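Structure file data.cif with mmCIF, C-alpha atoms:
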```cif
data_coords
loop_
_atom_site.label_atom_id
_atom_site.label_comp_id
_atom_site.auth_asym_id
_atom_site.auth_seq_id
_atom_site.Cartn_x
_atom_site.Cartn_y
_atom_site.Cartn_z
CA MET S 1 9.54 0.23 26.61
CA SER S 2 12.99 0.45 25.07
CA GLU S 3 12.49 -3.11 23.86
CA PHE S 4 9.29 -1.96 22.17
CA LEU S 5 11.10 0.92 20.47
CA HIS S 6 13.91 -1.41 19.47
CA MET S 7 11.53 -3.60 17.39
CA GLY S 8 13.86 -6.58 17.52
CA GLY S 9 16.54 -4.66 15.64
CA TYR S 10 14.21 -3.45 12.89
CA ALA S 11 13.42 -0.11 14.55
CA LEU S 12 14.66 1.96 11.62
CA TYR S 13 12.48 0.16 9.07
CA VAL S 14 9.37 -0.24 11.20
CA TRP S 15 9.29 3.25 12.66
CA SER S 16 10.10 5.01 9.43
CA SER S 17 7.25 3.09 7.76
CA TYR S 18 4.81 4.23 10.42
CA GLY S 19 6.26 7.75 10.40
CA ILE S 20 5.86 8.15 6.65
CA ALA S 21 2.32 6.77 6.84
CA PHE S 22 1.53 9.29 9.57
CA LEU S 23 2.93 12.22 7.60
CA ILE S 24 1.25 11.30 4.32
CA MET S 25 -2.13 10.74 5.96
CA LEU S 26 -1.92 13.91 8.04
CA PHE S 27 -1.06 15.91 4.92
CA GLY S 28 -4.04 14.38 3.11
CA ILE S 29 -6.40 15.77 5.75
CA PHE S 30 -4.91 19.17 6.48
CA LYS S 31 -4.23 20.26 2.93
CA PRO S 32 -7.92 20.17 1.88
CA LEU S 33 -8.98 21.63 5.25
CA ILE S 34 -6.73 24.66 4.84
CA LEU S 35 -7.77 25.05 1.21
CA HIS S 36 -11.42 25.02 2.26
CA LYS S 37 -10.88 27.84 4.74
CA GLN S 38 -9.08 29.83 2.06
CA GLN S 39 -11.84 29.23 -0.49
CA LEU S 40 -14.60 30.37 1.85
CA ARG S 41 -12.65 33.44 2.94
CA GLU S 42 -11.92 34.49 -0.64
CA LEU S 43 -15.46 33.89 -1.84
CA LYS S 44 -16.85 35.88 1.05
CA LEU S 45 -14.57 38.82 0.29
CA LYS S 46 -15.55 38.64 -3.36
CA ARG S 47 -19.23 38.72 -2.43
CA GLN S 48 -18.81 41.69 -0.11
CA ARG S 49 -17.01 43.59 -2.84
CA GLU S 50 -19.81 42.83 -5.30
CA LYS S 51 -22.49 43.95 -2.87
CA ARG S 52 -21.00 47.38 -2.46
CA MET X 1 -32.12 3.96 -1.82
CA MET X 2 -32.10 5.43 -5.31
CA LYS X 3 -34.10 8.39 -4.04
CA PHE X 4 -31.50 8.90 -1.35
CA LEU X 5 -28.66 8.69 -3.89
CA HIS X 6 -30.41 11.22 -6.06
CA LYS X 7 -30.87 13.58 -3.15
CA PHE X 8 -27.32 12.94 -1.96
CA SER X 9 -25.90 13.94 -5.31
CA SER X 10 -27.49 17.38 -5.20
CA PRO X 11 -24.69 19.85 -4.35
CA PRO X 12 -26.29 21.76 -1.43
CA TYR X 13 -27.50 18.59 0.25
CA PHE X 14 -24.14 16.91 -0.20
CA TYR X 15 -22.35 19.93 1.19
CA SER X 16 -24.42 20.12 4.35
CA ILE X 17 -24.65 16.39 5.08
CA SER X 18 -20.95 15.80 4.47
CA GLY X 19 -20.19 18.58 6.95
CA ARG X 20 -22.29 16.82 9.55
CA MET X 21 -20.77 13.39 8.81
CA LEU X 22 -17.14 14.47 9.12
CA PRO X 23 -16.86 14.65 12.94
CA TRP X 24 -18.45 11.21 13.33
CA LEU X 25 -16.20 9.67 10.71
CA THR X 26 -13.15 11.26 12.34
CA ALA X 27 -14.09 9.85 15.74
CA LEU X 28 -14.67 6.40 14.25
CA PHE X 29 -11.35 6.58 12.40
CA LEU X 30 -9.40 7.54 15.53
CA VAL X 31 -10.93 4.71 17.56
CA LEU X 32 -10.19 2.12 14.88
CA LEU X 33 -6.69 3.49 14.34
CA ALA X 34 -5.88 3.37 18.05
CA TYR X 35 -7.17 -0.19 18.29
CA GLY X 36 -5.37 -1.29 15.12
CA LEU X 37 -2.07 0.31 16.11
CA TYR X 38 -2.20 -1.17 19.60
CA GLY X 39 -3.04 -4.57 18.17
CA GLY X 40 -0.41 -4.41 15.46
CA LEU X 41 2.47 -2.93 17.39
CA VAL X 42 1.87 -4.32 20.87
CA THR X 43 -0.39 -7.36 21.13
CA ALA X 44 0.41 -9.11 17.84
CA PRO X 45 3.28 -11.57 18.36
CA ALA X 46 6.48 -11.26 16.34
CA ASP X 47 6.61 -13.42 13.22
CA TYR X 48 8.45 -16.77 13.39
CA GLN X 49 10.69 -15.83 10.47
CA GLN X 50 10.64 -12.08 10.11
CA GLY X 51 10.54 -11.07 13.76
CA ASP X 52 9.25 -7.58 14.42
CA SER X 53 9.92 -6.34 10.89
CA PHE X 54 6.65 -7.96 9.80
CA ARG X 55 4.77 -5.22 11.69
CA ILE X 56 5.22 -3.08 8.59
CA ILE X 57 2.35 -5.21 7.24
CA TYR X 58 -0.13 -3.06 9.20
CA VAL X 59 0.57 -0.03 7.04
CA HIS X 60 1.85 -1.69 3.88
CA VAL X 61 -1.02 -4.08 3.15
CA PRO X 62 -3.93 -1.72 3.95
CA ALA X 63 -2.23 0.98 1.87
CA ALA X 64 -1.80 -1.41 -1.04
CA TRP X 65 -5.43 -2.52 -0.80
CA MET X 66 -6.56 1.10 -0.72
CA SER X 67 -4.43 1.98 -3.74
CA MET X 68 -6.45 -0.49 -5.81
CA PHE X 69 -9.81 0.12 -4.14
CA ILE X 70 -9.60 3.89 -4.66
CA TYR X 71 -8.59 3.36 -8.28
CA MET X 72 -11.77 1.35 -8.84
CA VAL X 73 -13.89 4.03 -7.14
CA MET X 74 -12.22 6.66 -9.33
CA ALA X 75 -12.78 4.70 -12.55
CA VAL X 76 -16.36 3.65 -11.79
CA SER X 77 -17.51 7.09 -10.66
CA GLY X 78 -15.69 8.53 -13.67
CA GLY X 79 -17.66 6.15 -15.87
CA ILE X 80 -20.93 7.12 -14.18
CA GLY X 81 -20.07 10.77 -14.75
CA LEU X 82 -19.30 10.01 -18.38
CA ILE X 83 -22.61 8.29 -19.06
CA TRP X 84 -25.10 10.14 -16.87
CA ARG X 85 -23.20 13.43 -16.58
CA ILE X 86 -23.73 13.52 -12.83
CA LYS X 87 -21.68 16.35 -11.40
CA LEU X 88 -21.03 14.71 -8.09
CA ALA X 89 -19.74 11.52 -9.75
CA GLU X 90 -17.19 13.59 -11.65
CA ILE X 91 -16.16 15.28 -8.42
CA VAL X 92 -15.81 12.00 -6.52
CA SER X 93 -13.70 10.64 -9.37
CA ILE X 94 -11.17 13.46 -9.54
CA SER X 95 -11.09 13.97 -5.76
CA SER X 96 -10.11 10.32 -5.33
CA ALA X 97 -7.01 10.62 -7.49
CA PRO X 98 -4.64 12.41 -5.07
CA ILE X 99 -5.74 10.19 -2.17
CA GLY X 100 -5.17 7.08 -4.25
CA ALA X 101 -1.80 8.38 -5.38
CA SER X 102 -0.71 8.97 -1.79
CA PHE X 103 -1.74 5.44 -0.75
CA THR X 104 0.11 3.99 -3.73
CA LEU X 105 3.21 5.94 -2.79
CA LEU X 106 2.82 4.76 0.80
CA ALA X 107 2.53 1.13 -0.33
CA LEU X 108 5.64 1.48 -2.49
CA VAL X 109 7.73 3.18 0.20
CA THR X 110 6.73 0.86 3.05
CA GLY X 111 7.22 -2.11 0.74
CA SER X 112 10.72 -0.89 0.07
CA LEU X 113 11.38 -0.44 3.78
CA TRP X 114 10.18 -3.99 4.34
CA GLY X 115 12.04 -5.45 1.38
CA LYS X 116 15.43 -4.13 2.40
CA PRO X 117 15.82 -6.09 5.65
CA MET X 118 13.88 -9.18 4.53
CA TRP X 119 14.56 -9.71 0.84
CA GLY X 120 17.88 -7.90 0.90
CA THR X 121 16.92 -5.21 -1.60
CA TRP X 122 14.99 -1.94 -1.69
CA TRP X 123 13.57 -2.57 -5.13
CA VAL X 124 13.38 -5.20 -7.85
CA TRP X 125 11.69 -4.97 -11.23
CA ASP X 126 9.40 -7.92 -10.68
CA ALA X 127 5.78 -8.04 -11.85
CA ARG X 128 4.14 -7.01 -8.58
CA LEU X 129 6.35 -4.04 -7.82
CA THR X 130 6.39 -2.82 -11.40
CA SER X 131 2.61 -2.98 -11.82
CA GLU X 132 2.12 -1.08 -8.56
CA LEU X 133 4.55 1.57 -9.82
CA ILE X 134 2.51 1.80 -13.03
CA LEU X 135 -0.57 2.38 -10.86
CA PHE X 136 1.22 5.33 -9.25
CA PHE X 137 1.97 6.79 -12.69
CA LEU X 138 -1.66 6.26 -13.74
CA TYR X 139 -2.77 8.35 -10.77
CA LEU X 140 -0.24 11.04 -11.64
CA GLY X 141 -1.44 10.93 -15.24
CA VAL X 142 -5.04 11.43 -14.13
CA ILE X 143 -4.12 14.39 -11.94
CA GLY X 144 -1.90 15.91 -14.63
CA LEU X 145 -4.49 15.52 -17.37
CA TYR X 146 -7.20 17.05 -15.21
CA ASN X 147 -5.08 20.08 -14.43
CA ALA X 148 -4.03 20.46 -18.05
CA ILE X 149 -7.60 20.97 -19.31
CA GLU X 150 -9.15 24.33 -18.47
CA ASP X 151 -12.84 23.41 -18.43
CA ASN X 152 -13.69 21.22 -15.42
CA ARG X 153 -16.35 19.16 -17.15
CA THR X 154 -14.30 18.45 -20.27
CA ALA X 155 -11.36 17.59 -18.04
CA SER X 156 -13.54 15.17 -16.05
CA ARG X 157 -14.56 13.38 -19.22
CA ALA X 158 -11.00 13.03 -20.49
CA VAL X 159 -9.81 11.82 -17.09
CA ALA X 160 -12.62 9.26 -16.84
CA ILE X 161 -11.52 7.69 -20.12
CA LEU X 162 -7.90 7.48 -18.96
CA ALA X 163 -9.00 6.01 -15.62
CA LEU X 164 -11.22 3.41 -17.30
CA VAL X 165 -8.44 2.30 -19.63
CA GLY X 166 -6.11 1.95 -16.66
CA VAL X 167 -8.49 -0.45 -14.93
CA VAL X 168 -6.69 -3.20 -16.86
CA ASN X 169 -3.78 -2.75 -14.47
CA ILE X 170 -5.80 -3.69 -11.37
CA PRO X 171 -6.19 -7.44 -12.03
CA ILE X 172 -2.59 -7.45 -13.25
CA ILE X 173 -1.41 -6.12 -9.87
CA HIS X 174 -3.52 -8.61 -7.97
CA TYR X 175 -2.59 -11.69 -9.96
CA SER X 176 1.00 -10.69 -10.79
CA VAL X 177 2.33 -12.89 -8.00
CA GLU X 178 0.46 -15.90 -9.35
CA TRP X 179 0.94 -15.45 -13.08
CA TRP X 180 4.66 -14.82 -12.98
CA SER X 181 7.34 -15.98 -10.64
CA SER X 182 8.16 -12.94 -8.57
CA LEU X 183 10.07 -11.96 -5.47
CA HIS X 184 6.86 -10.83 -3.77
CA GLN X 185 5.01 -13.57 -1.94
CA GLY X 186 1.46 -14.62 -2.76
CA PRO X 187 -1.70 -13.18 -1.18
CA THR X 188 -2.23 -13.99 2.48
CA VAL X 189 -5.71 -12.78 3.33
CA THR X 190 -7.56 -12.56 0.04
CA LYS X 191 -6.89 -16.07 -1.20
CA PHE X 192 -9.89 -18.34 -1.21
CA ALA X 193 -8.47 -20.81 1.24
CA LYS X 194 -8.19 -19.98 4.92
CA PRO X 195 -5.93 -16.94 5.46
CA SER X 196 -2.47 -18.19 6.39
CA ILE X 197 -1.90 -15.67 9.12
CA HIS X 198 -2.30 -16.20 12.83
CA ILE X 199 -5.57 -14.79 14.20
CA ASP X 200 -3.83 -12.42 16.63
CA MET X 201 -1.96 -10.94 13.68
CA LEU X 202 -4.97 -10.95 11.35
CA ILE X 203 -7.42 -8.98 13.50
CA PRO X 204 -5.30 -5.81 13.78
CA LEU X 205 -4.67 -6.06 10.03
CA LEU X 206 -8.39 -6.11 9.27
CA VAL X 207 -9.04 -3.30 11.75
CA MET X 208 -6.35 -1.20 10.10
CA ALA X 209 -7.86 -1.95 6.70
CA VAL X 210 -11.25 -0.65 7.88
CA ALA X 211 -9.58 2.37 9.51
CA PHE X 212 -7.88 3.20 6.18
CA LYS X 213 -11.26 2.96 4.41
CA ILE X 214 -12.76 5.44 6.89
CA TYR X 215 -9.76 7.69 6.37
CA TYR X 216 -10.43 7.59 2.64
CA ALA X 217 -14.06 8.58 3.28
CA ILE X 218 -12.90 11.57 5.35
CA ALA X 219 -10.26 12.72 2.90
CA LEU X 220 -12.66 12.19 0.00
CA LEU X 221 -15.46 14.24 1.57
CA LEU X 222 -13.04 17.07 2.34
CA ARG X 223 -11.71 17.14 -1.20
CA CYS X 224 -15.17 16.80 -2.74
CA ARG X 225 -16.38 19.81 -0.74
CA ASN X 226 -13.49 21.89 -2.03
CA GLU X 227 -14.06 20.81 -5.61
CA LEU X 228 -17.77 21.51 -5.22
CA VAL X 229 -17.17 25.03 -3.88
CA GLN X 230 -14.75 25.61 -6.73
CA ARG X 231 -17.27 24.55 -9.35
CA GLU X 232 -20.39 26.11 -7.82
CA GLN X 233 -19.11 29.64 -7.35
CA GLY X 234 -21.94 32.17 -7.58
CA SER X 235 -24.74 29.65 -7.06
CA ARG X 236 -27.48 30.55 -4.61
CA TRP X 237 -26.91 27.68 -2.16
CA LEU X 238 -23.23 28.57 -1.87
CA ASP X 239 -24.10 32.18 -1.20
CA GLU X 240 -26.34 31.01 1.62
CA VAL X 241 -23.48 28.94 3.02
CA LEU X 242 -21.16 31.95 2.83
CA GLU X 243 -23.71 34.05 4.66
CA LYS X 244 -23.36 31.79 7.68
CA VAL X 245 -19.55 31.64 7.74
CA MET V 1 -31.25 4.51 -10.95
CA MET V 2 -31.53 0.87 -11.93
CA SER V 3 -34.87 1.41 -13.63
CA SER V 4 -33.50 4.42 -15.46
CA ALA V 5 -30.58 2.28 -16.59
CA PHE V 6 -33.01 0.01 -18.40
CA LYS V 7 -34.82 2.94 -19.89
CA MET V 8 -31.56 4.62 -20.79
CA LYS V 9 -31.74 7.23 -23.44
CA PRO V 10 -30.13 6.11 -26.70
CA ILE V 11 -27.27 8.58 -26.27
CA ARG V 12 -26.46 7.17 -22.85
CA ARG V 13 -26.64 3.66 -24.13
CA ALA V 14 -24.24 4.64 -26.90
CA ARG V 15 -21.83 6.17 -24.37
CA LEU V 16 -22.02 3.08 -22.18
CA SER V 17 -21.32 0.69 -25.04
CA LEU V 18 -18.49 2.90 -26.24
CA ILE V 19 -16.88 2.73 -22.79
CA LEU V 20 -17.36 -1.02 -22.52
CA LEU V 21 -15.91 -1.48 -25.99
CA MET V 22 -12.93 0.67 -25.10
CA VAL V 23 -12.17 -1.19 -21.86
CA ALA V 24 -12.59 -4.53 -23.64
CA GLY V 25 -10.25 -3.40 -26.41
CA VAL V 26 -7.55 -2.28 -24.05
CA SER V 27 -7.89 -5.48 -22.02
CA VAL V 28 -7.40 -7.62 -25.12
CA ALA V 29 -4.39 -5.53 -26.16
CA ALA V 30 -2.91 -5.83 -22.66
CA TRP V 31 -3.54 -9.57 -22.68
CA PHE V 32 -1.64 -10.10 -25.92
CA GLY V 33 1.09 -7.71 -24.86
CA LEU V 34 1.64 -9.53 -21.58
CA ARG V 35 1.57 -12.91 -23.30
CA SER V 36 4.33 -11.91 -25.66
CA PHE V 37 6.41 -10.51 -22.80
CA ASN V 38 5.67 -13.48 -20.58
CA GLU V 39 9.23 -14.77 -20.65
CA ASN V 40 10.67 -11.40 -19.69
CA LEU V 41 8.19 -10.97 -16.86
CA MET V 42 9.39 -14.17 -15.26
CA PHE V 43 11.53 -12.89 -12.48
CA PHE V 44 13.65 -16.02 -12.13
CA PHE V 45 14.45 -19.46 -13.54
CA SER V 46 13.92 -22.59 -11.50
CA THR V 47 16.69 -25.06 -10.77
CA SER V 48 15.01 -27.54 -13.13
CA ASP V 49 15.26 -24.97 -15.92
CA VAL V 50 18.99 -24.75 -15.28
CA VAL V 51 19.57 -28.51 -15.21
CA GLU V 52 17.49 -28.94 -18.36
CA GLY V 53 19.54 -26.24 -20.06
CA LYS V 54 16.72 -23.71 -20.48
CA ALA V 55 18.55 -20.99 -18.61
CA PRO V 56 20.87 -18.61 -20.48
CA LYS V 57 24.48 -19.73 -20.50
CA ASP V 58 26.30 -16.57 -21.50
CA HIS V 59 24.74 -13.84 -19.39
CA LEU V 60 23.39 -13.05 -15.93
CA PHE V 61 20.06 -14.46 -14.87
CA ARG V 62 18.16 -15.03 -11.66
CA LEU V 63 17.87 -18.45 -10.14
CA GLY V 64 15.15 -19.21 -7.62
CA GLY V 65 14.83 -22.17 -5.31
CA MET V 66 14.93 -23.48 -1.79
CA VAL V 67 18.14 -23.84 0.18
CA VAL V 68 18.56 -27.56 0.85
CA LYS V 69 18.85 -28.27 4.56
CA GLY V 70 22.34 -29.14 5.72
CA THR V 71 24.11 -27.93 2.57
CA VAL V 72 25.16 -24.44 3.68
CA GLN V 73 28.95 -24.40 4.01
CA ARG V 74 31.31 -21.57 4.77
CA PRO V 75 34.74 -22.61 3.55
CA GLY V 76 37.45 -20.37 4.96
CA GLU V 77 37.18 -17.19 6.97
CA GLY V 78 35.60 -14.88 4.41
CA LEU V 79 32.04 -14.16 3.42
CA THR V 80 31.94 -16.96 0.87
CA VAL V 81 29.02 -19.36 1.23
CA LYS V 82 28.27 -22.52 -0.68
CA PHE V 83 24.89 -24.17 -0.70
CA ILE V 84 22.58 -26.23 -2.88
CA LEU V 85 19.31 -24.91 -4.28
CA THR V 86 16.38 -27.12 -5.21
CA ASP V 87 12.87 -26.85 -6.60
CA MET V 88 12.09 -30.28 -5.13
CA ALA V 89 12.98 -31.88 -8.48
CA LYS V 90 16.48 -30.85 -9.57
CA GLU V 91 19.37 -29.36 -7.59
CA VAL V 92 21.96 -26.72 -8.47
CA PRO V 93 25.05 -25.85 -6.39
CA VAL V 94 25.51 -22.13 -5.69
CA GLU V 95 28.48 -20.07 -4.57
CA TYR V 96 28.21 -16.56 -3.19
CA THR V 97 30.50 -14.04 -1.56
CA GLY V 98 28.85 -11.19 0.29
CA ILE V 99 26.29 -10.23 2.88
CA LEU V 100 23.19 -12.39 3.06
CA PRO V 101 19.70 -11.01 3.85
CA ASP V 102 18.29 -11.63 7.32
CA LEU V 103 15.86 -14.20 6.04
CA PHE V 104 18.54 -16.39 4.46
CA ARG V 105 18.53 -19.75 6.17
CA GLU V 106 18.31 -23.44 5.38
CA GLY V 107 14.93 -24.43 3.99
CA GLN V 108 14.25 -20.85 2.88
CA GLY V 109 13.26 -19.84 -0.64
CA ILE V 110 15.84 -17.52 -2.18
CA ILE V 111 16.60 -15.84 -5.47
CA ALA V 112 20.19 -15.52 -6.61
CA ASN V 113 21.38 -13.31 -9.44
CA GLY V 114 24.47 -14.52 -11.22
CA LYS V 115 26.03 -16.69 -13.89
CA LEU V 116 26.32 -20.37 -14.53
CA THR V 117 29.90 -21.65 -14.81
CA GLU V 118 30.92 -24.43 -17.15
CA ASN V 119 31.08 -27.01 -14.40
CA GLY V 120 27.46 -26.36 -13.48
CA VAL V 121 28.03 -24.18 -10.42
CA PHE V 122 25.94 -21.02 -10.19
CA VAL V 123 28.10 -18.11 -9.04
CA ALA V 124 25.85 -15.49 -7.50
CA GLN V 125 26.56 -11.78 -7.28
CA GLU V 126 23.44 -11.04 -5.27
CA VAL V 127 21.21 -13.15 -3.04
CA LEU V 128 17.64 -12.14 -2.19
CA ALA V 129 15.43 -14.00 0.26
CA LYS V 130 11.88 -14.80 -0.73
CA HIS V 131 9.45 -15.27 2.08
CA ASP V 132 6.14 -17.07 2.04
CA GLU V 133 2.70 -15.62 2.71
CA ASN V 134 2.41 -17.24 6.12
CA TYR V 135 2.64 -15.19 9.27
CA MET V 136 2.59 -16.74 12.72
CA PRO V 137 4.24 -16.45 16.13
CA PRO V 138 7.31 -18.66 16.75
CA GLU V 139 5.46 -20.83 19.27
CA VAL V 140 2.82 -21.75 16.71
CA ALA V 141 5.46 -22.44 14.07
CA GLY V 142 7.26 -24.64 16.59
CA SER V 143 4.18 -26.63 17.51
CA MET V 144 3.26 -27.00 13.84
CA LYS V 145 6.71 -28.40 13.16
CA THR V 146 6.45 -30.98 15.96
CA ALA V 147 3.00 -31.94 14.69
CA GLN V 148 4.45 -32.41 11.21
CA ASN V 149 7.32 -34.44 12.58
CA LYS V 150 4.92 -36.69 14.45
CA GLU V 151 2.89 -37.07 11.28
CA SER V 152 5.94 -38.06 9.25
CA ALA V 153 7.17 -40.39 12.02
CA LYS V 154 4.02 -42.42 11.62
#
```

Rewrite the coordinates I just gave you, this time as structure tokens.
Amino acid sequence: MSEFLHMGGYALYVWSSYGIAFLIMLFGIFKPLILHKQQLRELKLKRQREKR
Amino acid sequence: MMKFLHKFSSPPYFYSISGRMLPWLTALFLVLLAYGLYGGLVTAPADYQQGDSFRIIYVHVPAAWMSMFIYMVMAVSGGIGLIWRIKLAEIVSISSAPIGASFTLLALVTGSLWGKPMWGTWWVWDARLTSELILFFLYLGVIGLYNAIEDNRTASRAVAILALVGVVNIPIIHYSVEWWSSLHQGPTVTKFAKPSIHIDMLIPLLVMAVAFKIYYAIALLLRCRNELVQREQGSRWLDEVLEKV
Amino acid sequence: MMSSAFKMKPIRRARLSLILLMVAGVSVAAWFGLRSFNENLMFFFSTSDVVEGKAPKDHLFRLGGMVVKGTVQRPGEGLTVKFILTDMAKEVPVEYTGILPDLFREGQGIIANGKLTENGVFVAQEVLAKHDENYMPPEVAGSMKTAQNKESAK
């Protein structure tokens, strides 16, 4: 296991590459998801206000 | 097929079907990602020259492929929006830009992290690296221009023109390593001859490439839905959707 | 959609041809631009260029080539290395003091940034390793080498 993490001495380069990929891709999913929730909530509030 | 495309491009239909597709795409993505990561990090043997550092290939190369693929999707759908004024084409075009930009950034950063131990430098101004950097700026330009113009539809038209002009850069990126002597090596998988990569190393690479494509589909659908909701405020179908939330 | 593309309304056809014209125009401009910058886009000079005197004499330039097997020498204790670069046609001796990249080895393609001295020795300030597009496990590389050796022994 420690040999796997060691990556033949290139651990820093390999794992930071994968880490950055993970962060960027995670951000690319969660940012629009959160925005969508916000949008729907706001539009719903707006509609309820208009109905009254 | 054309009938389906026509139906698909209607906002309410797109909104509901994309919502149903997302869980399936996510499951498919996770399976492919797990397989690709296991193959790339565990079962693929270390390279005869580069040792384990070559494993960066499994994020670097798919990201670089995606950076160009997404640019073409953005430009072509932008062009379709420009000619036929199809709303959904405009939305696909602008929603692709941030995803493409993030893949381009990922390709640049992982390339740098690979270049330092192997080439001996983080960055050189050779043709391949420079043209990929230009691609990143093209994406930023598209996003900036879109945000600078108030009206969504006018903005989409302006952005489509910029994206179409920038298409010139795509063949330059691809052929830069053949046209000019550069520090970056030539293509491994996409050359016409047999790929010069061992099969145990190639399969995880192709799996990762497919996984990244599925990821793009997921991220694109999510962003398209947001853009659609933004543009369709006050329409009846959206009100019906809001009713159910 | 295809059938409607053939029956495109004139305005759409005009838009389409405008776009095609625009992309074609930019492509031609890019083509000429790149052609005129061709020299500058070349990342390095080959060893033949240097021997034939095509490389600049007064300022820094990059020299690319393969490290000739058996020519890497380390005179003295320091980090100074001497080796010969080739492009399979002409050879240039190189001197360098500093840390070499991990991929630097005999038979490897490298790019050195530096200056040519009057006696024809290239003094490098920086050495970058260039790797090829082949990826394989060491065992396969080893067996390929023995196969090649057998081939050449015949």

Students should find that CA of Asn113 (chain V) and CA of Asp132 (chain V) are spaced 19.4 Å

Return the neighbours of chain X among the residues of chain V, cut-off 9 Å, counting all atoms listed in the file, as a PyMOL selection string. chain V and resi 1-2+11-16+19+22-24+26-27+30+38-39+41-45+64+99-104+110-111+126-142

Given all atoms listed in the file, how would the per-residue table for chain X near chain S read, listing every residue at most 9 Å away with its closest atom pair and distance in Å to one decimal, sorted by chain and number, as JSON lines?
```
{"residue": "X:Leu41", "atom": "CA", "partner": "S:Phe4", "partner_atom": "CA", "distance": 8.4}
{"residue": "X:Val42", "atom": "CA", "partner": "S:Phe4", "partner_atom": "CA", "distance": 7.9}
{"residue": "X:Ala46", "atom": "CA", "partner": "S:Gly8", "partner_atom": "CA", "distance": 8.8}
{"residue": "X:Gly51", "atom": "CA", "partner": "S:Gly8", "partner_atom": "CA", "distance": 6.7}
{"residue": "X:Asp52", "atom": "CA", "partner": "S:Met7", "partner_atom": "CA", "distance": 5.5}
{"residue": "X:Ser53", "atom": "CA", "partner": "S:Tyr10", "partner_atom": "CA", "distance": 5.5}
{"residue": "X:Phe54", "atom": "CA", "partner": "S:Val14", "partner_atom": "CA", "distance": 8.3}
{"residue": "X:Arg55", "atom": "CA", "partner": "S:Val14", "partner_atom": "CA", "distance": 6.8}
{"residue": "X:Ile56", "atom": "CA", "partner": "S:Val14", "partner_atom": "CA", "distance": 5.7}
{"residue": "X:Tyr58", "atom": "CA", "partner": "S:Tyr18", "partner_atom": "CA", "distance": 8.9}
{"residue": "X:Val59", "atom": "CA", "partner": "S:Tyr18", "partner_atom": "CA", "distance": 6.9}
{"residue": "X:His60", "atom": "CA", "partner": "S:Ser17", "partner_atom": "CA", "distance": 8.2}
{"residue": "X:Ala63", "atom": "CA", "partner": "S:Ala21", "partner_atom": "CA", "distance": 8.9}
{"residue": "X:Pro98", "atom": "CA", "partner": "S:Gly28", "partner_atom": "CA", "distance": 8.4}
{"residue": "X:Ile99", "atom": "CA", "partner": "S:Gly28", "partner_atom": "CA", "distance": 7.0}
{"residue": "X:Ser102", "atom": "CA", "partner": "S:Ile24", "partner_atom": "CA", "distance": 6.8}
{"residue": "X:Phe103", "atom": "CA", "partner": "S:Ile24", "partner_atom": "CA", "distance": 8.3}
{"residue": "X:Leu106", "atom": "CA", "partner": "S:Ala21", "partner_atom": "CA", "distance": 6.4}
{"residue": "X:Val109", "atom": "CA", "partner": "S:Ser17", "partner_atom": "CA", "distance": 7.6}
{"residue": "X:Thr110", "atom": "CA", "partner": "S:Ser17", "partner_atom": "CA", "distance": 5.2}
{"residue": "X:Gly111", "atom": "CA", "partner": "S:Ser17", "partner_atom": "CA", "distance": 8.7}
{"residue": "X:Leu113", "atom": "CA", "partner": "S:Tyr13", "partner_atom": "CA", "distance": 5.4}
{"residue": "X:Trp114", "atom": "CA", "partner": "S:Tyr13", "partner_atom": "CA", "distance": 6.7}
{"residue": "X:Lys116", "atom": "CA", "partner": "S:Tyr13", "partner_atom": "CA", "distance": 8.5}
{"residue": "X:Pro117", "atom": "CA", "partner": "S:Tyr13", "partner_atom": "CA", "distance": 7.9}
{"residue": "X:Tyr215", "atom": "CA", "partner": "S:Met25", "partner_atom": "CA", "distance": 8.2}
{"residue": "X:Ile218", "atom": "CA", "partner": "S:Ile29", "partner_atom": "CA", "distance": 7.7}
{"residue": "X:Ala219", "atom": "CA", "partner": "S:Ile29", "partner_atom": "CA", "distance": 5.7}
{"residue": "X:Leu222", "atom": "CA", "partner": "S:Pro32", "partner_atom": "CA", "distance": 6.0}
{"residue": "X:Arg223", "atom": "CA", "partner": "S:Pro32", "partner_atom": "CA", "distance": 5.7}
{"residue": "X:Arg225", "atom": "CA", "partner": "S:His36", "partner_atom": "CA", "distance": 7.8}
{"residue": "X:Asn226", "atom": "CA", "partner": "S:His36", "partner_atom": "CA", "distance": 5.7}
{"residue": "X:Val229", "atom": "CA", "partner": "S:Gln39", "partner_atom": "CA", "distance": 7.6}
{"residue": "X:Gln230", "atom": "CA", "partner": "S:Gln39", "partner_atom": "CA", "distance": 7.8}
{"residue": "X:Gln233", "atom": "CA", "partner": "S:Leu43", "partner_atom": "CA", "distance": 7.9}
{"residue": "X:Gly234", "atom": "CA", "partner": "S:Arg47", "partner_atom": "CA", "distance": 8.8}
{"residue": "X:Asp239", "atom": "CA", "partner": "S:Arg47", "partner_atom": "CA", "distance": 8.2}
{"residue": "X:Leu242", "atom": "CA", "partner": "S:Lys44", "partner_atom": "CA", "distance": 6.1}
{"residue": "X:Glu243", "atom": "CA", "partner": "S:Lys44", "partner_atom": "CA", "distance": 8.0}
{"residue": "X:Val245", "atom": "CA", "partner": "S:Leu40", "partner_atom": "CA", "distance": 7.8}
```

At a cut-off of 10 Å, using all atoms listed in the file, what residues contact Leu25 (chain X)? Leave out same-chain residues fewer than 2 positions from it and give the result as an NGL selection string. :X and (18 or 20-23 or 27-31 or 211 or 214-215 or 217-218)

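Atom pair CA of Ile170 (chain X) / CA of Leu205 (chain X) has a distance of 21.6 Å (rounded to one decimal).
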